[in-house]
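Enquirer: This is the structure, below, for whatever I ask next.
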Amino acid sequence: MNKLSPEELNQSHQDPNHWIWGILYFNKQDHRLLPPKRNPWMGWTVNFANPKSILLLLAMIVFCSAIVYFAKSK
């Protein structure tokens, strides 16, 4: 994976071609797991082009589901 400079990373992040339906971020050149959303004050998003990022999303879903499951079982 090519490392991008911060300026190139910012330009690439703002490119509408890297946003599916304007909400799903997909950029193979971006190595970040959780890049900021298009509006940074709204938090972070998952880079769906990075397999590690998808695994992180699945791990968060499993963790939250486990908490809900164990909280309801008591």
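Letters for chains follow the order of the structure tokens (A, B, ...), residue numbers begin at 1 for each chain, and ligand numbers begin at 1 in the order shown.
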Check chain A with DSSP on the backbone and list each residue it calls strand (DSSP E or B), as a list in words.
Expert: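 Assigned to strand (DSSP E or B), within chain A: Trp19, Ile20, Leu24, Tyr25, Pro36, Trp44 and Asn47 of chain A.
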Enquirer: If you count only C-alpha atoms, which residues fall within 10 Å of segment 23-28 of chain A, apart from same-chain ones fewer than 2 positions away, as a PyMOL selection string?
Expert: chain A and resi 1-2+12-13+15-21+30-32+34-38+45-51
Enquirer: Identify which of the residues A:Tyr69, A:Leu33, A:Lys74, A:Trp41 lies closest to Ser53 of chain A, counting only C-alpha atoms when measuring atom-to-atom distances.
Expert: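 Checking each of A:Tyr69, A:Leu33, A:Lys74, A:Trp41 against Ser53 of chain A, counting only C-alpha atoms, the winner is A:Leu33.
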Enquirer: Check the DSSP output for the backbone and give back, as a PyMOL selection string, the residues of chain A in helix (DSSP H, G or I).
Expert: chain A and resi 6-14+16-18+40-42+51-72
Enquirer: To one decimal place, how far is atom CA of Leu9 of chain A from atom CA of Gln29 of chain A in Å?
Expert: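 Interatomic distance here is 8.4 Å.
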